[in-house]
$ cat start-v1.cif   # mmCIF, C-alpha atoms
data_work
loop_
_atom_site.label_atom_id
_atom_site.label_comp_id
_atom_site.auth_asym_id
_atom_site.auth_seq_id
_atom_site.Cartn_x
_atom_site.Cartn_y
_atom_site.Cartn_z
CA MET A 594 36.98 -0.05 9.19
CA ALA A 595 38.33 1.03 5.79
CA VAL A 596 35.80 1.88 3.08
CA LEU A 597 36.31 -0.03 -0.16
CA LEU A 598 36.01 2.16 -3.26
CA ASP A 599 35.25 1.12 -6.79
CA GLN A 600 38.36 1.94 -8.86
CA ASN A 601 36.32 3.28 -11.78
CA THR A 602 33.77 5.42 -9.98
CA GLY A 603 35.31 6.21 -6.60
CA ILE A 604 32.01 5.16 -5.00
CA ALA A 605 31.94 2.71 -2.12
CA ALA A 606 31.48 -0.75 -3.56
CA THR A 607 29.77 -3.79 -2.17
CA PRO A 608 32.24 -5.94 -0.21
CA ALA A 609 31.85 -8.66 -2.80
CA GLY A 610 32.17 -6.26 -5.70
CA ALA A 611 35.37 -4.80 -4.32
CA ALA A 612 36.97 -8.18 -3.70
CA LYS A 613 38.26 -8.64 -7.23
CA HIS A 614 39.77 -12.07 -6.68
CA ARG A 615 37.31 -13.58 -4.24
CA PRO A 616 35.03 -16.21 -5.81
CA VAL A 617 31.43 -15.42 -4.98
CA GLU A 618 28.75 -18.06 -5.35
CA GLY A 619 25.06 -18.26 -4.68
CA SER A 620 22.00 -20.45 -5.13
CA VAL A 621 20.40 -19.71 -8.49
CA HIS A 622 17.06 -21.04 -9.66
CA SER A 623 17.36 -19.86 -13.27
CA TRP A 624 17.95 -16.90 -15.55
CA ASP A 625 15.94 -15.64 -18.48
CA LEU A 626 15.32 -12.72 -20.83
CA SER A 627 12.06 -10.83 -20.32
CA THR A 628 10.40 -7.73 -21.70
CA GLY A 629 8.18 -5.32 -19.80
CA VAL A 630 7.69 -7.53 -16.72
CA ASP A 631 10.80 -7.23 -14.58
CA GLY A 632 11.65 -3.57 -15.16
CA PRO A 633 11.86 -1.30 -18.20
CA GLY A 634 12.87 -2.68 -21.58
CA SER A 635 14.25 -6.13 -22.29
CA ARG A 636 16.15 -7.49 -19.30
CA PHE A 637 18.43 -10.27 -18.21
CA VAL A 638 16.71 -11.62 -15.09
CA THR A 639 18.50 -13.78 -12.53
CA PHE A 640 16.15 -15.69 -10.24
CA LEU A 641 17.81 -16.53 -6.92
CA SER A 642 16.59 -19.41 -4.77
CA GLY A 643 15.23 -19.02 -1.27
CA CYS A 644 12.42 -16.90 0.13
CA PRO A 645 11.25 -16.20 3.70
CA LEU A 646 7.68 -15.56 2.51
CA THR A 647 5.12 -18.22 1.59
CA CYS A 648 2.68 -16.21 -0.49
CA LEU A 649 -0.62 -17.94 -1.19
CA TYR A 650 -0.57 -16.90 -4.85
CA CYS A 651 3.15 -17.40 -5.52
CA HIS A 652 3.68 -18.58 -9.09
CA ASN A 653 7.21 -19.84 -8.33
CA PRO A 654 6.97 -21.94 -5.13
CA ASP A 655 9.89 -23.95 -6.51
CA THR A 656 12.13 -20.98 -5.58
CA TRP A 657 11.25 -21.04 -1.86
CA ARG A 658 14.10 -23.28 -0.68
CA MET A 659 17.66 -22.14 -1.25
CA ARG A 660 18.92 -25.72 -1.25
CA ASP A 661 16.83 -26.48 -4.32
CA GLY A 662 18.78 -23.99 -6.43
CA LYS A 663 21.98 -24.62 -8.36
CA ARG A 664 25.21 -23.44 -6.77
CA THR A 665 26.47 -20.91 -9.31
CA SER A 666 29.37 -18.48 -9.46
CA ALA A 667 28.88 -14.79 -10.13
CA ASP A 668 31.39 -15.18 -12.97
CA ASP A 669 29.06 -17.63 -14.72
CA VAL A 670 26.04 -15.33 -14.36
CA ILE A 671 27.95 -12.32 -15.64
CA ALA A 672 29.36 -14.31 -18.58
CA GLU A 673 25.85 -15.37 -19.56
CA ALA A 674 24.47 -11.84 -19.29
CA ALA A 675 27.37 -10.48 -21.34
CA LYS A 676 26.11 -12.43 -24.36
CA TYR A 677 23.05 -10.17 -24.51
CA THR A 678 24.39 -6.71 -23.66
CA ARG A 679 24.06 -5.35 -27.21
CA PHE A 680 20.49 -6.57 -27.49
CA ILE A 681 19.63 -5.26 -24.02
CA ALA A 682 21.15 -1.85 -24.76
CA ALA A 683 19.24 -1.59 -28.04
CA ALA A 684 16.03 -2.47 -26.19
CA ARG A 685 16.73 0.14 -23.49
CA GLY A 686 16.67 -2.58 -20.86
CA GLY A 687 18.99 -3.84 -18.16
CA ALA A 688 19.49 -6.57 -15.58
CA THR A 689 17.16 -7.57 -12.75
CA ILE A 690 17.83 -9.67 -9.66
CA SER A 691 14.65 -11.50 -8.67
CA GLY A 692 13.69 -14.69 -6.88
CA GLY A 693 12.66 -16.07 -4.54
CA GLU A 694 13.94 -13.21 -2.42
CA PRO A 695 17.33 -11.82 -3.54
CA LEU A 696 18.09 -10.26 -0.16
CA LEU A 697 18.21 -13.72 1.40
CA GLN A 698 21.62 -13.82 -0.36
CA PRO A 699 22.76 -10.20 0.01
CA VAL A 700 26.46 -10.71 -0.72
CA PHE A 701 25.77 -12.67 -3.91
CA ALA A 702 23.03 -10.26 -4.98
CA GLY A 703 25.33 -7.32 -4.27
CA GLU A 704 28.12 -8.86 -6.31
CA LEU A 705 25.82 -9.38 -9.29
CA LEU A 706 24.34 -5.89 -9.10
CA HIS A 707 27.80 -4.33 -8.84
CA ARG A 708 29.12 -6.21 -11.83
CA PHE A 709 26.00 -5.77 -13.96
CA LYS A 710 26.30 -2.03 -13.44
CA HIS A 711 30.05 -1.41 -13.51
CA GLU A 712 31.34 -4.18 -15.78
CA LEU A 713 28.47 -4.55 -18.24
CA GLY A 714 27.11 -1.00 -18.00
CA LEU A 715 23.53 -2.18 -17.49
CA HIS A 716 20.61 -0.49 -15.77
CA THR A 717 19.94 -2.53 -12.62
CA ALA A 718 16.75 -3.48 -10.79
CA LEU A 719 16.13 -5.31 -7.53
CA ASP A 720 12.84 -7.22 -7.25
CA THR A 721 12.04 -7.68 -3.57
CA SER A 722 9.29 -8.01 -0.98
CA GLY A 723 11.28 -5.68 1.27
CA PHE A 724 10.91 -8.06 4.20
CA LEU A 725 14.69 -8.45 4.39
CA GLY A 726 15.43 -4.84 3.52
CA VAL A 727 17.72 -4.47 6.53
CA ARG A 728 20.13 -6.82 4.74
CA ALA A 729 20.52 -4.38 1.85
CA THR A 730 23.48 -2.16 2.71
CA ASP A 731 23.63 1.39 1.40
CA ALA A 732 26.56 0.23 -0.75
CA LEU A 733 24.41 -2.49 -2.32
CA LEU A 734 21.62 0.00 -2.98
CA ARG A 735 24.03 2.38 -4.69
CA ASP A 736 24.33 -0.26 -7.40
CA VAL A 737 20.53 -0.41 -7.81
CA ASP A 738 18.84 1.96 -10.26
CA LEU A 739 15.28 0.75 -9.61
CA VAL A 740 13.57 -1.22 -6.86
CA LEU A 741 10.53 -3.32 -7.73
CA LEU A 742 8.81 -3.43 -4.35
CA ASP A 743 5.92 -5.78 -3.59
CA ILE A 744 3.44 -4.33 -1.11
CA LYS A 745 0.99 -7.18 -0.88
CA SER A 746 -1.51 -5.66 1.55
CA TRP A 747 -2.02 -2.72 3.88
CA ASP A 748 -4.17 -4.60 6.37
CA ARG A 749 -1.73 -6.33 8.72
CA GLU A 750 -3.83 -9.45 9.22
CA THR A 751 -4.33 -9.88 5.49
CA TYR A 752 -0.61 -9.41 4.87
CA LYS A 753 0.20 -12.11 7.42
CA LYS A 754 -2.40 -14.40 5.87
CA VAL A 755 -1.01 -13.87 2.37
CA THR A 756 2.70 -14.11 3.17
CA GLY A 757 3.12 -15.74 6.58
CA ARG A 758 5.15 -12.70 7.68
CA PRO A 759 4.55 -9.24 9.21
CA LEU A 760 4.18 -6.13 7.04
CA GLN A 761 6.26 -3.62 9.01
CA PRO A 762 9.72 -4.53 7.61
CA THR A 763 8.45 -3.80 4.10
CA LEU A 764 7.12 -0.40 5.12
CA ASP A 765 10.39 0.43 6.89
CA PHE A 766 12.37 -0.50 3.78
CA ALA A 767 10.06 1.57 1.58
CA ARG A 768 10.63 4.64 3.76
CA ARG A 769 14.38 4.06 3.69
CA LEU A 770 14.31 3.91 -0.11
CA ALA A 771 12.39 7.17 -0.13
CA ASP A 772 14.98 8.78 2.15
CA LEU A 773 17.70 7.62 -0.26
CA GLY A 774 15.80 8.99 -3.25
CA LYS A 775 15.78 5.56 -4.88
CA GLU A 776 13.28 5.10 -7.72
CA VAL A 777 10.59 2.54 -6.87
CA HIS A 778 7.90 0.68 -8.77
CA VAL A 779 5.30 -0.70 -6.37
CA ARG A 780 3.63 -3.98 -7.20
CA PHE A 781 0.22 -4.85 -5.79
CA VAL A 782 -1.56 -8.11 -6.60
CA LEU A 783 -5.35 -7.76 -6.69
CA VAL A 784 -6.92 -10.96 -5.33
CA PRO A 785 -10.74 -11.08 -5.11
CA GLY A 786 -11.86 -11.81 -1.59
CA LEU A 787 -8.37 -11.35 -0.19
CA THR A 788 -6.65 -8.04 -1.08
CA ASP A 789 -9.47 -6.27 -2.91
CA ASP A 790 -11.13 -4.61 0.08
CA PRO A 791 -11.43 -0.88 -0.77
CA ALA A 792 -9.86 0.17 2.54
CA ASN A 793 -6.93 -2.16 1.90
CA ILE A 794 -6.29 -0.72 -1.56
CA GLU A 795 -6.68 2.80 -0.21
CA GLY A 796 -4.10 2.10 2.50
CA VAL A 797 -1.47 0.86 0.03
CA ALA A 798 -2.20 3.75 -2.33
CA ALA A 799 -2.00 6.43 0.35
CA PHE A 800 1.27 5.02 1.66
CA ALA A 801 2.84 4.74 -1.80
CA GLY A 802 1.66 8.23 -2.70
CA SER A 803 3.22 9.67 0.45
CA LEU A 804 6.73 8.42 -0.32
CA GLY A 805 7.55 10.75 -3.20
CA ASN A 806 9.78 8.27 -5.05
CA VAL A 807 7.22 5.85 -6.52
CA SER A 808 7.24 6.42 -10.26
CA ARG A 809 4.81 3.62 -11.13
CA VAL A 810 2.39 1.14 -9.60
CA ASP A 811 1.73 -2.22 -11.22
CA VAL A 812 -1.74 -3.44 -10.28
CA LEU A 813 -1.41 -7.12 -11.08
CA PRO A 814 -4.55 -9.25 -11.51
CA PHE A 815 -4.40 -12.51 -9.57
CA HIS A 816 -3.97 -15.58 -11.77
CA LYS A 817 -3.52 -19.30 -11.24
CA LEU A 818 -0.74 -19.96 -13.76
CA GLY A 819 1.50 -21.33 -11.01
CA GLU A 820 -1.04 -23.82 -9.65
CA GLY A 821 0.55 -26.65 -11.60
CA LYS A 822 3.85 -26.08 -9.79
CA TRP A 823 2.09 -26.29 -6.43
CA GLN A 824 0.54 -29.60 -7.43
CA ALA A 825 3.84 -30.95 -8.74
CA LEU A 826 5.46 -30.11 -5.40
CA GLY A 827 2.66 -31.82 -3.47
CA MET A 828 1.48 -28.50 -2.02
CA ASN A 829 -2.10 -27.38 -1.47
CA PHE A 830 -3.00 -24.34 -3.58
CA THR A 831 -5.64 -22.82 -1.31
CA LEU A 832 -6.71 -20.19 -3.87
CA HIS A 833 -7.84 -22.84 -6.37
CA GLY A 834 -11.43 -21.56 -6.30
CA THR A 835 -10.54 -17.86 -6.38
CA PRO A 836 -11.40 -16.11 -9.67
CA SER A 837 -9.23 -13.56 -11.41
CA PRO A 838 -10.49 -9.99 -10.97
CA THR A 839 -12.59 -8.54 -13.73
CA PRO A 840 -11.26 -5.70 -15.90
CA GLU A 841 -13.67 -3.42 -14.06
CA GLN A 842 -12.26 -4.42 -10.66
CA VAL A 843 -8.71 -3.79 -11.90
CA ALA A 844 -9.73 -0.40 -13.28
CA LEU A 845 -11.31 0.58 -9.96
CA ALA A 846 -8.15 -0.39 -8.07
CA LYS A 847 -5.99 1.59 -10.47
CA GLY A 848 -8.27 4.56 -9.95
CA VAL A 849 -7.56 4.52 -6.22
CA PHE A 850 -3.80 4.69 -6.84
CA GLU A 851 -4.21 7.37 -9.49
CA ALA A 852 -6.23 9.46 -7.04
CA HIS A 853 -3.05 9.67 -4.98
CA GLY A 854 -1.10 11.03 -7.93
CA LEU A 855 0.46 7.72 -8.94
CA THR A 856 0.93 6.33 -12.44
CA THR A 857 -0.50 2.85 -12.91
CA VAL A 858 -0.12 0.11 -15.47
#

$ encode --input "start-v1.cif" --output "structure tokens"
Amino acid sequence: MAVLLDQNTGIAATPAGAAKHRPVEGSVHSWDLSTGVDGPGSRFVTFLSGCPLTCLYCHNPDTWRMRDGKRTSADDVIAEAAKYTRFIAAARGGATISGGEPLLQPVFAGELLHRFKHELGLHTALDTSGFLGVRATDALLRDVDLVLLDIKSWDRETYKKVTGRPLQPTLDFARRLADLGKEVHVRFVLVPGLTDDPANIEGVAAFAGSLGNVSRVDVLPFHKLGEGKWQALGMNFTLHGTPSPTPEQVALAKGVFEAHGLTTV
């Protein structure tokens, strides 16, 4: 099978990115500009619809079903992002593909990443749970500068309880990213009574510290800002009575990661 090369860089392109005249569409929930949340600097963030996980604390359950998104062309997304390239460059930012789970639509995600990077000259980030990491080709990952990887638990039973899915695919994807030398920011949500067991935090920290490519860990305090969406969708938010962690609990969790040589925020 012939390898498709990007005409500008000589690097193998995503199949979608190399098909200059093929219309590529995907299911898009929304896009937005954000600062400091979805990667470094100010960023154009495209939220794709569809996710195989059903996380108990998800603040965007309205992105779970692909059919609920708007069918959108890559051309339209790129045209929208192009309006902000000067601002993004001045803010030392880039473009992020988020969701939902972007790798549920790997061709569309790959097309966007390729064009963000090679047409608009933007730093690119992929926000993923890693559960569908096998769908990310090496060519797709070549167009990714940073992976924002959610590791929601180290304890397998807790991970299944939180997400409805097994942990192992995420760990396999994390190791693959390490083998590729791809920069990773790990995200860990601290939920009292669910993910805050010291052994659980230690497990995630030891694993992340062993990879050698994790430049930052975001310890994210659980919050209930998405509860209204659950109610609007007629869904039961089972963590209604769960409090947010205290600043002291967050500091203790960060200390565990830092003990493994990791930078936390």

$ closest_residue --input "start-v1.cif" --among "A:Gly757, A:Gly805, A:Gly723, A:Gly819" --to "Leu697 in chain A" --atoms "all atoms listed in the file"
A:Gly723

$ atom_distance --input "start-v1.cif" --atom1 "CA of Ala799 in chain A" --atom2 "CA of Leu739 in chain A"
20.7 Å

$ residues_around --input "start-v1.cif" --residues "Arg780 in chain A" --least-positions-apart "6" --cutoff "7 Å" --atoms "only C-alpha atoms" --output "JSON, numbers by chain"
{"A": [741, 742, 743, 744, 810, 811, 812]}

$ resolve_selection --input "start-v1.cif" --expression "the PyMOL selection byres ((chain A and resi 628) around 10)" --output "list in words"
Leu626, Ser627, Gly629, Val630, Asp631, Gly632, Pro633, Gly634, Ser635, Arg636, Phe637, Val638, Ile681, Ala684 and Gly686 of chain A

$ resolve_selection --input "start-v1.cif" --expression "the PyMOL selection byres ((chain A and resi 815) around 9)" --output "ChimeraX atom specification"
/A:650,782-785,813-814,816-817,835-838

$ resolve_selection --input "start-v1.cif" --expression "the PyMOL selection byres ((chain A and resi 845) around 12)" --output "mmCIF file with C-alpha atoms, in the frame of the given file"
data_model
loop_
_atom_site.group_PDB
_atom_site.id
_atom_site.type_symbol
_atom_site.label_atom_id
_atom_site.label_comp_id
_atom_site.auth_asym_id
_atom_site.auth_seq_id
_atom_site.Cartn_x
_atom_site.Cartn_y
_atom_site.Cartn_z
ATOM 1 C CA LEU A 783 -5.350 -7.760 -6.690
ATOM 2 C CA ASP A 789 -9.470 -6.270 -2.910
ATOM 3 C CA ASP A 790 -11.130 -4.610 0.080
ATOM 4 C CA PRO A 791 -11.430 -0.880 -0.770
ATOM 5 C CA ILE A 794 -6.290 -0.720 -1.560
ATOM 6 C CA GLU A 795 -6.680 2.800 -0.210
ATOM 7 C CA VAL A 812 -1.740 -3.440 -10.280
ATOM 8 C CA PRO A 838 -10.490 -9.990 -10.970
ATOM 9 C CA THR A 839 -12.590 -8.540 -13.730
ATOM 10 C CA PRO A 840 -11.260 -5.700 -15.900
ATOM 11 C CA GLU A 841 -13.670 -3.420 -14.060
ATOM 12 C CA GLN A 842 -12.260 -4.420 -10.660
ATOM 13 C CA VAL A 843 -8.710 -3.790 -11.900
ATOM 14 C CA ALA A 844 -9.730 -0.400 -13.280
ATOM 15 C CA ALA A 846 -8.150 -0.390 -8.070
ATOM 16 C CA LYS A 847 -5.990 1.590 -10.470
ATOM 17 C CA GLY A 848 -8.270 4.560 -9.950
ATOM 18 C CA VAL A 849 -7.560 4.520 -6.220
ATOM 19 C CA PHE A 850 -3.800 4.690 -6.840
ATOM 20 C CA GLU A 851 -4.210 7.370 -9.490
ATOM 21 C CA ALA A 852 -6.230 9.460 -7.040
ATOM 22 C CA THR A 857 -0.500 2.850 -12.910
#

$ closest_residue --input "start-v1.cif" --among "A:Leu826, A:Ala683, A:Val779, A:Val700" --to "Gly619 in chain A" --atoms "all atoms listed in the file"
A:Val700

$ axis_aligned_box --input "start-v1.cif" --around "range 671-675 of chain A" --padding-each-side "5 Å" --output "lines of an AutoDock Vina configuration file"
center_x = 26.9
center_y = -12.9
center_z = -18.5
size_x = 14.9
size_y = 14.9
size_z = 15.7

$ closest_residue --input "start-v1.cif" --among "A:Ala667, A:Cys648, A:Val777, A:Val797" --to "Arg809 in chain A" --atoms "only C-alpha atoms"
A:Val777
